[in-house]
Amino acid sequence: MGGVNLSIDLAAQKLIAAERQGQKIAVEVKSFLKQSSAISEFHTALGQFINYRGALRRLQPERVLYLAVPLTTYKTFFQLDFPKDMVAENQVKLLIYRSFLNIQDFCTIR
């Protein structure tokens, strides 16, 4: 993609492609592990989201990208002013999930 090999990153990350009622989506799943810094994880997640969204616009423009984050992280870190502002400014579509156990655990799209 534009001289950069994104296919390795796309395959290595938890990126899910799905279609529901004719809408094609891709979901980048992030865990925000407790042992990691939330802001560091956020920087990585936001940067990857922007890159993946750009790649999808070129390769599959009909597909909408979502960033999936744990419910506990959404209720705490994502309610802080800076993360909220960056999500809004970068037009990040969020999907909030309870756990990795089952795709049915995805609960909210923001």
# chains A, B, ... in the order shown; residues from 1 in each chain; ligands from 1
$ residues_around --residues "Phe32 in chain A" --least-positions-apart "4" --cutoff "9 Å" --atoms "only C-alpha atoms" --output "PyMOL selection string"
chain A and resi 36-38+41-42+69-70+73
$ closest_residue --among "A:Asn90, A:Thr72, A:Gln48, A:Gln60" --to "Ser31 in chain A" --atoms "only C-alpha atoms"
A:Thr72
$ select_by_dssp --residues "range 60-102 of chain A" --states "strand (DSSP E)" --output "PyMOL selection string"
chain A and resi 63-70+94-97
$ write_last_selection --atoms "C-alpha atoms" --output "tab-separated table (two decimals), in the first residue's frame"
chain	number	residue	atom	x	y	z
A	63	ARG	CA	-16.04	-1.23	4.55
A	64	VAL	CA	-16.30	0.86	7.75
A	65	LEU	CA	-13.61	0.40	10.42
A	66	TYR	CA	-14.44	0.18	14.13
A	67	LEU	CA	-12.09	0.13	17.11
A	68	ALA	CA	-13.23	-2.43	19.70
A	69	VAL	CA	-12.26	-1.70	23.31
A	70	PRO	CA	-13.09	-3.43	26.60
A	94	LEU	CA	-16.06	2.51	18.78
A	95	LEU	CA	-17.36	-0.94	19.51
A	96	ILE	CA	-17.38	-1.78	23.22
A	97	TYR	CA	-17.09	-5.40	24.34
$ select_by_dssp --residues "range 16-109 of chain A" --states "alpha helix (DSSP H)" --output "count of residues only"
36
$ atom_distance --atom1 "CA of Ile16 in chain A" --atom2 "CA of Lys30 in chain A"
11.5 Å
$ closest_residue --among "A:Leu59, A:Arg98, A:Phe77, A:Gln91" --to "Lys34 in chain A" --atoms "only C-alpha atoms"
A:Phe77
$ atom_distance --atom1 "CA of Gln23 in chain A" --atom2 "CA of Gly54 in chain A"
18.2 Å
$ decode --residues "range 49-62 of chain A" --atoms "N, CA and C atoms" --output "short mmCIF file (atom, residue, chain, number, x, y, z; two decimals), in the first residue's frame"
data_model
loop_
_atom_site.label_atom_id
_atom_site.label_comp_id
_atom_site.auth_asym_id
_atom_site.auth_seq_id
_atom_site.Cartn_x
_atom_site.Cartn_y
_atom_site.Cartn_z
N PHE A 49 -5.38 2.47 14.01
CA PHE A 49 -6.73 2.70 13.49
C PHE A 49 -6.68 3.65 12.29
N ILE A 50 -5.95 4.75 12.42
CA ILE A 50 -5.86 5.73 11.33
C ILE A 50 -5.21 5.10 10.10
N ASN A 51 -4.14 4.33 10.30
CA ASN A 51 -3.48 3.67 9.17
C ASN A 51 -4.39 2.64 8.51
N TYR A 52 -5.05 1.81 9.30
CA TYR A 52 -5.92 0.78 8.76
C TYR A 52 -7.11 1.41 8.03
N ARG A 53 -7.66 2.47 8.60
CA ARG A 53 -8.79 3.15 7.96
C ARG A 53 -8.37 3.69 6.59
N GLY A 54 -7.18 4.27 6.52
CA GLY A 54 -6.67 4.77 5.25
C GLY A 54 -6.48 3.65 4.23
N ALA A 55 -5.94 2.52 4.69
CA ALA A 55 -5.74 1.38 3.79
C ALA A 55 -7.09 0.83 3.32
N LEU A 56 -8.04 0.71 4.24
CA LEU A 56 -9.36 0.20 3.86
C LEU A 56 -10.07 1.13 2.86
N ARG A 57 -9.90 2.43 3.02
CA ARG A 57 -10.51 3.38 2.08
C ARG A 57 -10.01 3.15 0.67
N ARG A 58 -8.76 2.73 0.55
CA ARG A 58 -8.19 2.49 -0.77
C ARG A 58 -8.54 1.11 -1.32
N LEU A 59 -8.53 0.11 -0.43
CA LEU A 59 -8.71 -1.27 -0.86
C LEU A 59 -10.16 -1.74 -0.83
N GLN A 60 -10.90 -1.31 0.17
CA GLN A 60 -12.30 -1.72 0.35
C GLN A 60 -13.10 -0.51 0.85
N PRO A 61 -13.33 0.46 0.00
CA PRO A 61 -13.96 1.71 0.44
C PRO A 61 -15.37 1.54 1.02
N GLU A 62 -16.00 0.42 0.72
CA GLU A 62 -17.35 0.19 1.25
C GLU A 62 -17.32 -0.30 2.70
#
